[in-house]
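Below is structure_1.txt, holding compact mmCIF, C-alpha atoms.
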```
# COMPACT_ATOMS: atom_id res chain seq x y z
CA MET X 92 45.16 -159.80 39.20
CA ARG X 93 47.45 -161.18 41.88
CA LYS X 94 49.07 -164.52 41.20
CA ILE X 95 48.83 -167.01 44.06
CA LEU X 96 51.16 -169.94 44.68
CA THR X 97 49.89 -172.69 46.97
CA ALA X 98 52.15 -175.44 48.26
CA ALA X 99 52.06 -178.11 50.96
CA ALA X 100 54.89 -178.34 53.44
CA ALA X 101 54.95 -180.02 56.84
CA GLY X 102 51.19 -180.17 56.68
CA LEU X 103 50.87 -176.41 56.18
CA LEU X 104 49.60 -174.80 52.97
CA LEU X 105 51.23 -171.46 52.36
CA ALA X 106 50.20 -168.72 49.93
CA GLY X 107 52.78 -166.64 48.07
CA VAL X 108 52.43 -163.58 45.88
CA ALA X 109 54.26 -162.76 42.65
CA THR X 110 56.59 -159.76 42.67
CA THR X 111 55.40 -158.26 39.38
CA PRO X 112 52.97 -155.32 39.66
CA ALA X 113 49.54 -156.63 40.61
CA TRP X 114 46.39 -154.58 40.93
CA ALA X 115 43.83 -155.30 43.62
CA ALA X 116 40.47 -156.86 42.93
CA PRO X 117 37.77 -154.23 42.30
CA GLY X 118 36.60 -152.52 45.45
CA PRO X 119 35.18 -149.17 46.51
CA ASN X 120 38.28 -147.39 45.21
CA PRO X 121 40.01 -149.79 42.81
CA GLN X 122 42.29 -147.04 41.50
CA SER X 123 43.71 -146.55 45.01
CA ASP X 124 45.58 -149.86 45.20
CA HIS X 125 48.41 -149.18 42.78
CA SER X 126 51.07 -151.24 44.54
CA ILE X 127 53.52 -154.10 44.27
CA GLN X 128 54.45 -156.86 46.68
CA VAL X 129 57.97 -156.29 48.01
CA CYS X 130 58.91 -159.86 48.99
CA ALA X 131 59.69 -162.55 46.46
CA THR X 132 57.37 -165.52 46.02
CA PRO X 133 58.14 -167.76 49.01
CA ARG X 134 59.40 -171.30 48.77
CA ALA X 135 57.05 -174.12 49.70
CA GLY X 136 56.78 -174.13 53.48
CA ASP X 137 57.74 -170.47 53.91
CA ALA X 138 55.65 -167.43 54.83
CA ALA X 139 54.92 -164.45 52.60
CA CYS X 140 55.59 -160.98 53.97
CA HIS X 141 52.63 -158.62 53.64
CA ALA X 142 54.32 -155.31 52.78
CA ARG X 143 53.35 -153.54 49.55
CA GLN X 144 54.93 -150.49 47.92
CA ALA X 145 52.83 -147.77 46.30
CA VAL X 146 53.49 -147.23 42.60
CA ASP X 147 52.35 -144.63 40.09
CA ALA X 148 49.98 -145.23 37.18
CA ASN X 149 52.88 -146.63 35.13
CA GLY X 150 53.85 -149.15 37.79
CA HIS X 151 56.93 -147.25 38.95
CA PRO X 152 57.57 -147.17 42.73
CA ILE X 153 56.79 -143.85 44.37
CA ALA X 154 60.23 -142.95 45.69
CA ASN X 155 62.33 -139.89 46.46
CA ALA X 156 65.99 -139.82 47.40
CA THR X 157 65.87 -136.81 49.72
CA THR X 158 62.37 -136.27 51.13
CA PRO X 159 59.32 -138.38 51.99
CA PRO X 160 56.65 -138.58 49.28
CA SER X 161 54.00 -135.94 49.92
CA SER X 162 51.27 -138.57 49.59
CA GLY X 163 52.74 -140.74 52.35
CA LEU X 164 51.20 -140.73 55.82
CA THR X 165 53.36 -138.97 58.43
CA PRO X 166 53.62 -139.82 62.14
CA SER X 167 51.62 -136.77 63.18
CA GLN X 168 48.90 -137.60 60.66
CA LEU X 169 48.74 -141.23 61.79
CA ARG X 170 48.45 -140.29 65.45
CA ASP X 171 45.82 -137.67 64.64
CA ALA X 172 43.76 -140.11 62.58
CA TYR X 173 43.71 -142.62 65.44
CA LYS X 174 43.56 -140.05 68.26
CA LEU X 175 46.91 -141.11 69.71
CA THR X 176 48.49 -137.66 69.93
CA SER X 177 48.53 -137.65 73.72
CA ALA X 178 49.12 -141.41 74.14
CA ALA X 179 52.39 -142.81 75.47
CA SER X 180 53.71 -146.22 76.44
CA GLY X 181 56.00 -145.28 79.30
CA GLY X 182 58.86 -147.03 77.52
CA LYS X 183 57.20 -150.36 76.79
CA THR X 184 58.71 -152.52 74.07
CA VAL X 185 57.17 -153.58 70.77
CA ALA X 186 58.87 -156.58 69.21
CA ILE X 187 59.00 -156.98 65.43
CA VAL X 188 59.45 -160.47 63.97
CA ASP X 189 60.64 -160.74 60.38
CA ALA X 190 62.97 -162.87 58.29
CA TYR X 191 66.57 -162.27 57.21
CA GLY X 192 69.01 -159.45 57.93
CA TYR X 193 69.03 -155.70 57.36
CA PRO X 194 72.48 -154.22 58.16
CA ASN X 195 71.36 -150.59 57.80
CA LEU X 196 68.26 -150.89 59.96
CA GLU X 197 69.52 -148.65 62.76
CA ALA X 198 70.89 -146.00 60.38
CA ASP X 199 67.72 -145.96 58.27
CA LEU X 200 65.50 -145.76 61.34
CA GLY X 201 67.59 -142.79 62.46
CA VAL X 202 66.93 -140.98 59.18
CA TYR X 203 63.19 -141.63 59.51
CA ARG X 204 62.91 -140.43 63.08
CA ALA X 205 65.07 -137.36 62.51
CA GLN X 206 62.98 -136.37 59.47
CA PHE X 207 59.82 -136.25 61.56
CA GLY X 208 61.30 -134.88 64.78
CA LEU X 209 60.93 -138.10 66.76
CA PRO X 210 63.32 -138.86 69.63
CA ALA X 211 66.37 -140.90 68.68
CA CYS X 212 65.95 -144.67 68.99
CA THR X 213 69.38 -146.32 68.93
CA THR X 214 71.17 -149.32 70.31
CA ALA X 215 73.38 -146.94 72.28
CA ASN X 216 70.50 -145.29 74.14
CA GLY X 217 68.76 -148.61 74.78
CA CYS X 218 65.70 -147.88 72.66
CA LEU X 219 66.59 -150.30 69.85
CA LYS X 220 67.77 -153.91 69.84
CA VAL X 221 68.36 -156.09 66.80
CA MET X 222 68.95 -159.81 67.32
CA ASN X 223 68.63 -163.15 65.61
CA GLN X 224 65.81 -165.61 66.18
CA ASN X 225 67.52 -167.03 69.27
CA GLY X 226 68.37 -163.66 70.79
CA GLY X 227 71.99 -163.60 69.65
CA THR X 228 74.03 -161.00 67.80
CA SER X 229 75.06 -163.08 64.76
CA LEU X 230 72.51 -161.80 62.25
CA PRO X 231 71.23 -163.57 59.12
CA ARG X 232 72.01 -162.69 55.53
CA PHE X 233 70.45 -159.66 53.84
CA ASN X 234 67.26 -159.99 51.80
CA THR X 235 65.97 -156.86 50.06
CA GLY X 236 62.23 -157.59 50.26
CA TRP X 237 62.22 -158.64 53.90
CA ALA X 238 64.47 -155.69 54.78
CA GLN X 239 61.87 -153.40 53.21
CA GLU X 240 59.26 -155.17 55.35
CA GLN X 241 61.37 -154.45 58.42
CA SER X 242 61.73 -150.78 57.49
CA LEU X 243 57.94 -150.45 57.25
CA ASP X 244 57.49 -152.22 60.58
CA VAL X 245 59.95 -150.15 62.62
CA ASP X 246 58.80 -146.89 61.01
CA ALA X 247 55.16 -147.78 61.75
CA VAL X 248 55.95 -148.42 65.43
CA SER X 249 57.92 -145.16 65.55
CA ALA X 250 55.02 -143.26 64.00
CA ALA X 251 52.29 -144.72 66.19
CA CYS X 252 54.28 -144.82 69.44
CA PRO X 253 57.31 -142.52 69.48
CA ASP X 254 58.29 -143.46 73.03
CA CYS X 255 58.05 -147.22 72.51
CA LYS X 256 61.26 -149.21 72.58
CA ILE X 257 61.75 -151.52 69.61
CA VAL X 258 63.32 -154.95 69.39
CA VAL X 259 63.68 -156.57 65.98
CA LEU X 260 64.12 -160.32 65.77
CA GLN X 261 65.50 -161.48 62.43
CA ALA X 262 64.69 -165.11 61.69
CA ASN X 263 67.20 -167.18 59.72
CA SER X 264 64.62 -167.78 57.01
CA ALA X 265 60.95 -167.23 56.21
CA SER X 266 59.99 -170.71 57.42
CA PHE X 267 57.33 -170.89 60.10
CA ALA X 268 59.74 -172.81 62.33
CA ASP X 269 62.29 -169.98 62.22
CA LEU X 270 59.74 -167.15 62.45
CA GLY X 271 57.95 -168.97 65.26
CA THR X 272 61.20 -169.44 67.16
CA ALA X 273 61.75 -165.68 66.90
CA VAL X 274 58.30 -165.04 68.39
CA GLN X 275 59.08 -167.38 71.27
CA THR X 276 62.36 -165.53 71.89
CA ALA X 277 60.59 -162.17 71.80
CA ALA X 278 58.06 -163.31 74.39
CA LYS X 279 60.85 -164.05 76.86
CA LEU X 280 62.45 -160.61 76.61
CA PRO X 281 61.81 -158.22 79.53
CA GLY X 282 59.49 -155.33 78.84
CA VAL X 283 57.90 -156.72 75.66
CA ALA X 284 54.23 -155.72 75.65
CA ALA X 285 53.41 -156.59 72.04
CA ILE X 286 54.83 -158.70 69.20
CA SER X 287 53.98 -157.82 65.60
CA ASN X 288 53.98 -160.42 62.82
CA SER X 289 53.52 -159.05 59.29
CA TYR X 290 53.50 -162.31 57.36
CA GLY X 291 51.34 -165.35 56.79
CA GLY X 292 50.14 -168.31 54.77
CA SER X 293 46.98 -170.39 54.43
CA ASP X 294 44.90 -171.56 57.36
CA ALA X 295 46.73 -173.84 59.80
CA ALA X 296 45.93 -175.48 63.12
CA ASP X 297 46.89 -174.11 66.52
CA SER X 298 47.26 -177.73 67.61
CA THR X 299 50.31 -177.87 65.34
CA TYR X 300 51.72 -174.33 65.31
CA GLY X 301 50.06 -172.55 68.24
CA ASN X 302 53.01 -173.00 70.60
CA TYR X 303 54.75 -170.28 68.60
CA TYR X 304 52.04 -167.70 69.31
CA ASN X 305 50.41 -168.72 72.61
CA PHE X 306 51.41 -165.93 75.01
CA PRO X 307 48.55 -164.54 77.12
CA GLY X 308 49.60 -161.25 78.65
CA ILE X 309 51.39 -160.14 75.47
CA ALA X 310 49.54 -158.62 72.50
CA VAL X 311 50.64 -160.85 69.62
CA THR X 312 49.35 -159.23 66.42
CA ALA X 313 49.30 -160.74 62.92
CA SER X 314 48.49 -159.22 59.54
CA ALA X 315 45.54 -160.66 57.61
CA GLY X 316 47.20 -160.71 54.18
CA ASP X 317 46.89 -158.62 51.03
CA ASN X 318 44.94 -160.71 48.53
CA GLY X 319 41.37 -159.72 49.34
CA TYR X 320 38.79 -162.19 50.62
CA LYS X 321 40.49 -165.59 50.38
CA GLY X 322 39.47 -167.27 53.63
CA ALA X 323 41.66 -167.66 56.69
CA SER X 324 45.42 -166.94 56.84
CA TYR X 325 47.77 -168.18 59.54
CA PRO X 326 48.94 -166.91 62.01
CA ALA X 327 46.13 -164.32 61.85
CA SER X 328 43.69 -167.26 62.04
CA SER X 329 45.21 -168.42 65.32
CA SER X 330 42.94 -168.19 68.34
CA TYR X 331 45.91 -166.80 70.28
CA VAL X 332 46.65 -163.67 68.22
CA VAL X 333 45.04 -160.36 67.33
CA ALA X 334 44.00 -160.67 63.67
CA VAL X 335 44.55 -157.31 61.97
CA GLY X 336 42.77 -156.25 58.79
CA GLY X 337 43.32 -153.23 56.60
CA THR X 338 41.60 -149.98 55.69
CA SER X 339 41.91 -147.09 53.27
CA LEU X 340 42.46 -143.90 55.26
CA ASN X 341 41.87 -140.45 53.81
CA SER X 342 41.92 -136.90 55.12
CA ALA X 343 38.39 -135.51 55.49
CA PRO X 344 38.55 -131.84 56.49
CA GLY X 345 35.32 -130.50 57.90
CA THR X 346 34.25 -133.77 59.53
CA SER X 347 34.29 -134.29 63.28
CA ARG X 348 37.09 -136.84 63.08
CA GLY X 349 38.96 -135.17 60.24
CA TRP X 350 39.50 -138.51 58.50
CA SER X 351 37.42 -141.06 56.62
CA GLU X 352 38.00 -144.80 56.53
CA SER X 353 36.71 -147.67 54.42
CA VAL X 354 37.72 -151.26 53.71
CA TRP X 355 40.97 -151.60 51.79
CA SER X 356 40.08 -153.90 48.90
CA GLY X 357 43.29 -155.90 49.40
CA THR X 358 42.85 -156.86 53.03
CA GLY X 359 42.46 -160.52 53.89
CA SER X 360 39.50 -161.87 55.84
CA GLY X 361 37.71 -165.16 56.37
CA CYS X 362 36.84 -168.00 58.73
CA SER X 363 39.19 -170.68 60.00
CA SER X 364 38.04 -174.27 59.66
CA LEU X 365 40.83 -175.43 61.98
CA ASN X 366 40.80 -173.12 65.02
CA ALA X 367 38.20 -172.36 67.65
CA ALA X 368 36.04 -169.26 67.63
CA LEU X 369 36.91 -166.58 70.18
CA SER X 370 34.48 -166.64 73.09
CA ALA X 371 34.84 -162.87 73.28
CA ALA X 372 33.41 -162.59 69.75
CA SER X 373 30.29 -164.65 70.49
CA SER X 374 28.06 -161.58 70.71
CA SER X 375 29.41 -160.18 67.43
CA ASN X 376 27.53 -162.71 65.29
CA THR X 377 30.43 -163.32 62.92
CA GLY X 378 28.69 -166.16 61.10
CA CYS X 379 31.86 -168.26 61.37
CA ALA X 380 31.71 -171.65 63.05
CA GLY X 381 35.38 -171.31 63.98
CA ARG X 382 37.87 -168.48 64.39
CA ALA X 383 36.76 -165.35 62.52
CA MET X 384 39.19 -162.91 60.89
CA ASN X 385 39.57 -160.07 61.71
CA ASP X 386 39.45 -158.59 65.21
CA VAL X 387 40.49 -155.00 64.47
CA SER X 388 42.09 -153.06 61.61
CA ALA X 389 44.18 -150.05 60.66
CA ALA X 390 45.56 -148.20 57.64
CA SER X 391 46.90 -150.55 54.95
CA ASP X 392 46.04 -149.15 51.52
CA PRO X 393 49.47 -148.33 50.03
CA SER X 394 48.08 -145.28 48.19
CA ASN X 395 45.43 -144.05 50.65
CA GLY X 396 46.99 -144.30 54.09
CA GLY X 397 50.30 -145.82 53.04
CA LEU X 398 53.11 -144.72 55.34
CA ALA X 399 56.08 -142.64 54.24
CA VAL X 400 59.04 -144.98 54.88
CA TYR X 401 62.82 -144.73 54.61
CA TYR X 402 63.70 -148.10 53.14
CA PRO X 403 66.63 -150.06 51.63
CA THR X 404 66.98 -150.53 47.89
CA SER X 405 70.09 -152.65 48.38
CA LYS X 406 72.37 -153.79 51.20
CA THR X 407 74.09 -150.39 51.21
CA SER X 408 71.58 -147.88 49.75
CA SER X 409 68.26 -146.50 50.99
CA THR X 410 65.66 -143.94 49.91
CA TRP X 411 62.18 -142.66 50.70
CA GLY X 412 59.04 -144.42 49.52
CA GLN X 413 55.44 -145.18 50.44
CA PHE X 414 54.40 -148.54 51.85
CA GLY X 415 51.25 -150.26 53.03
CA GLY X 416 49.66 -153.68 53.09
CA THR X 417 48.34 -155.24 56.26
CA SER X 418 52.02 -155.22 57.25
CA GLU X 419 51.44 -151.57 58.07
CA ALA X 420 48.39 -152.29 60.22
CA SER X 421 49.90 -155.02 62.40
CA PRO X 422 52.68 -152.90 63.97
CA ILE X 423 50.27 -149.96 64.35
CA ILE X 424 47.89 -152.11 66.37
CA ALA X 425 50.76 -153.61 68.38
CA SER X 426 51.85 -150.07 69.23
CA VAL X 427 48.35 -149.11 70.36
CA TYR X 428 48.30 -152.09 72.72
CA ALA X 429 51.66 -151.02 74.13
CA GLN X 430 50.26 -147.56 74.83
CA SER X 431 47.03 -148.89 76.34
CA GLY X 432 48.94 -150.92 78.92
CA ASN X 433 46.23 -153.57 78.59
CA THR X 434 47.52 -156.69 76.85
CA GLY X 435 45.68 -159.49 78.62
CA SER X 436 46.92 -161.57 81.53
CA ALA X 437 49.27 -164.53 81.72
CA ALA X 438 47.97 -165.29 85.21
CA THR X 439 44.37 -165.70 84.07
CA GLY X 440 45.10 -166.88 80.53
CA THR X 441 43.44 -163.81 79.01
CA TYR X 442 44.45 -163.01 75.44
CA ALA X 443 44.76 -159.51 74.04
CA ASN X 444 42.40 -160.37 71.16
CA SER X 445 39.47 -160.47 73.58
CA ILE X 446 39.84 -156.86 74.70
CA PRO X 447 38.44 -154.88 71.72
CA TYR X 448 35.20 -156.90 71.75
CA ALA X 449 34.47 -155.56 75.23
CA HIS X 450 35.16 -151.93 74.21
CA THR X 451 33.60 -151.50 70.78
CA SER X 452 32.23 -148.06 71.65
CA SER X 453 35.84 -146.86 71.97
CA LEU X 454 36.70 -147.80 68.37
CA PHE X 455 35.96 -146.23 64.99
CA ASP X 456 33.45 -148.52 63.29
CA VAL X 457 34.28 -148.87 59.58
CA THR X 458 31.00 -149.31 57.70
CA SER X 459 31.78 -149.01 53.98
CA GLY X 460 33.72 -150.97 51.37
CA ASN X 461 34.49 -154.60 50.58
CA ASN X 462 37.38 -156.88 49.75
CA GLY X 463 35.72 -159.18 47.22
CA THR X 464 32.80 -161.58 47.10
CA CYS X 465 31.98 -164.17 49.72
CA PRO X 466 29.17 -166.58 50.71
CA THR X 467 28.26 -164.57 53.82
CA THR X 468 28.11 -160.83 53.22
CA GLN X 469 29.76 -159.67 56.43
CA TRP X 470 32.84 -161.79 55.79
CA CYS X 471 33.88 -159.46 52.96
CA THR X 472 31.67 -156.35 53.24
CA ALA X 473 31.79 -153.68 55.93
CA GLY X 474 28.74 -152.77 57.96
CA ALA X 475 27.77 -151.63 61.43
CA GLY X 476 29.48 -153.75 64.09
CA TRP X 477 31.80 -156.63 63.31
CA ASP X 478 32.76 -157.47 59.75
CA GLY X 479 35.54 -159.61 58.34
CA PRO X 480 37.70 -156.97 56.65
CA THR X 481 37.84 -154.53 59.57
CA GLY X 482 36.77 -156.50 62.63
CA VAL X 483 35.14 -154.35 65.30
CA GLY X 484 36.93 -151.23 64.13
CA THR X 485 40.07 -149.10 64.16
CA PRO X 486 41.74 -147.25 67.06
CA ASN X 487 40.02 -144.23 68.56
CA GLY X 488 42.70 -143.54 71.12
CA THR X 489 43.69 -146.47 73.30
CA GLY X 490 40.31 -147.06 74.96
CA GLY X 491 39.38 -149.98 72.73
CA PHE X 492 42.52 -151.90 73.64
```
Show me this structure written as structure tokens.
Amino acid sequence: MRKILTAAAAGLLLAGVATTPAWAAPGPNPQSDHSIQVCATPRAGDAACHARQAVDANGHPIANATTPPSSGLTPSQLRDAYKLTSAASGGKTVAIVDAYGYPNLEADLGVYRAQFGLPACTTANGCLKVMNQNGGTSLPRFNTGWAQEQSLDVDAVSAACPDCKIVVLQANSASFADLGTAVQTAAKLPGVAAISNSYGGSDAADSTYGNYYNFPGIAVTASAGDNGYKGASYPASSSYVVAVGGTSLNSAPGTSRGWSESVWSGTGSGCSSLNAALSAASSSNTGCAGRAMNDVSAASDPSNGGLAVYYPTSKTSSTWGQFGGTSEASPIIASVYAQSGNTGSAATGTYANSIPYAHTSSLFDVTSGNNGTCPTTQWCTAGAGWDGPTGVGTPNGTGGF
């Protein structure tokens, strides 16, 4: 079972996950979640990154020095599964917020995109920018786990939206103050349509931390966490962000869609006791008095739908592996928003998280699987319409966003 660390810092309780191999709680496919957390257990007051690496039955990472693992999801498969093959952003920018530095980010991203025939995305051609939390060029120190998180994030954006520009903001540390400052910097950059945040901690109040994420007109997405049903996780529990849950995604030849999807047993979900319910979700009967997680979802199961990723094993070396966690889902959903061109409105104070609730018929409704036990069935068990693990569904093109 996963080992959870809870600590109080600046009034915020944060959950961390041990780095030793940890199997998911039983779900519809318990054998499918053979994975390990890539980031070290955070210090009190810091956030945990939500990336997980697929491992084999012996707990060894699935990795290959020269080619992507055959079990890893490719860009063409991802776009086919979510009917994004003909979608494009027109050059909109997706911002990625993570902690610490990653010196080989541009080179590793180049290997990934070349492998799958995607157009080059470099600092020279203006597609890629890498900056610190304040927008400067002096980048923070390297951290292996968070660099692996960044590799998953930029590869996921590349896969879901090949023509999106990417800006990566590297916070000085994994503290919410530093990560939040990076989000605020991202929101000020021209052309940013979406900001992905693949990290989190326990429930926290928007009255204290919401200024970091309150940007109507920009799709601010946040991953729900990877510990199954545990209640709310911030910033996914913020009323200002798009809370993104996780699914298991499998090829299903012979079906009309060609893919099948169920709840990933590791995805987070729950109700916030500190933040207000979304008015847009009022007709979804979430059963939560406050903010309900999640709004939407996407592939997250490291073994069934985990993305093939070119990632760093050290400051100077990289290889191919297979990664998931709700860290995979958040940048996918951010990329779909960028391609939809519909991210809410700063002028009217409309948040991107309201949009899917008005377009549920344009989403794939996930109706099977669970992520644990809970006092109200729909908070942890999929069914028709809204449920906690998968929200109102997964992308079926861009029409739901």
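CA of Ala186 in chain X sits 18.3 Å away from CA of Gly301 in chain X.
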Coordinates-based distance that separates CA of Ala313 in chain X from CA of Asn462 in chain X (Å, one decimal):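 Answer for the CA of Asn462 in chain X to CA of Ala313 in chain X separation: 18.2 Å.
Relative to CA of Pro447 in chain X, CA of Gly316 in chain X is found at 20.5 Å.
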For the point (34.1, -157.6, 68.9) in the file's frame, write as a short mmCIF file (atom, residue, chain, number, x, y, z; two decimals) with C-alpha atoms, in the frame of the given file all residues with an atom no more than 10 Å away, counting all atoms listed in the file.
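Just written: point.cif:
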```cif
data_model
loop_
_atom_site.label_atom_id
_atom_site.label_comp_id
_atom_site.auth_asym_id
_atom_site.auth_seq_id
_atom_site.Cartn_x
_atom_site.Cartn_y
_atom_site.Cartn_z
CA LEU X 369 36.91 -166.58 70.18
CA SER X 370 34.48 -166.64 73.09
CA ALA X 371 34.84 -162.87 73.28
CA ALA X 372 33.41 -162.59 69.75
CA SER X 373 30.29 -164.65 70.49
CA SER X 374 28.06 -161.58 70.71
CA SER X 375 29.41 -160.18 67.43
CA ASN X 376 27.53 -162.71 65.29
CA THR X 377 30.43 -163.32 62.92
CA ASN X 385 39.57 -160.07 61.71
CA ASP X 386 39.45 -158.59 65.21
CA VAL X 387 40.49 -155.00 64.47
CA ASN X 444 42.40 -160.37 71.16
CA SER X 445 39.47 -160.47 73.58
CA ILE X 446 39.84 -156.86 74.70
CA PRO X 447 38.44 -154.88 71.72
CA TYR X 448 35.20 -156.90 71.75
CA ALA X 449 34.47 -155.56 75.23
CA HIS X 450 35.16 -151.93 74.21
CA THR X 451 33.60 -151.50 70.78
CA GLY X 476 29.48 -153.75 64.09
CA TRP X 477 31.80 -156.63 63.31
CA ASP X 478 32.76 -157.47 59.75
CA GLY X 482 36.77 -156.50 62.63
CA VAL X 483 35.14 -154.35 65.30
CA GLY X 484 36.93 -151.23 64.13
#
```
Non-local contacts of Glu419 in chain X (8 Å; all atoms listed in the file; under 4 positions in same chain excluded) as a list in words: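 Residues near the query, excluding close chain neighbours: Ala142, Leu243, Asp244, Ala247, Ser289, Ala389, Ala390, Ser391, Gly397, Leu398, Phe414, Gly415 and Ile423 of chain X.
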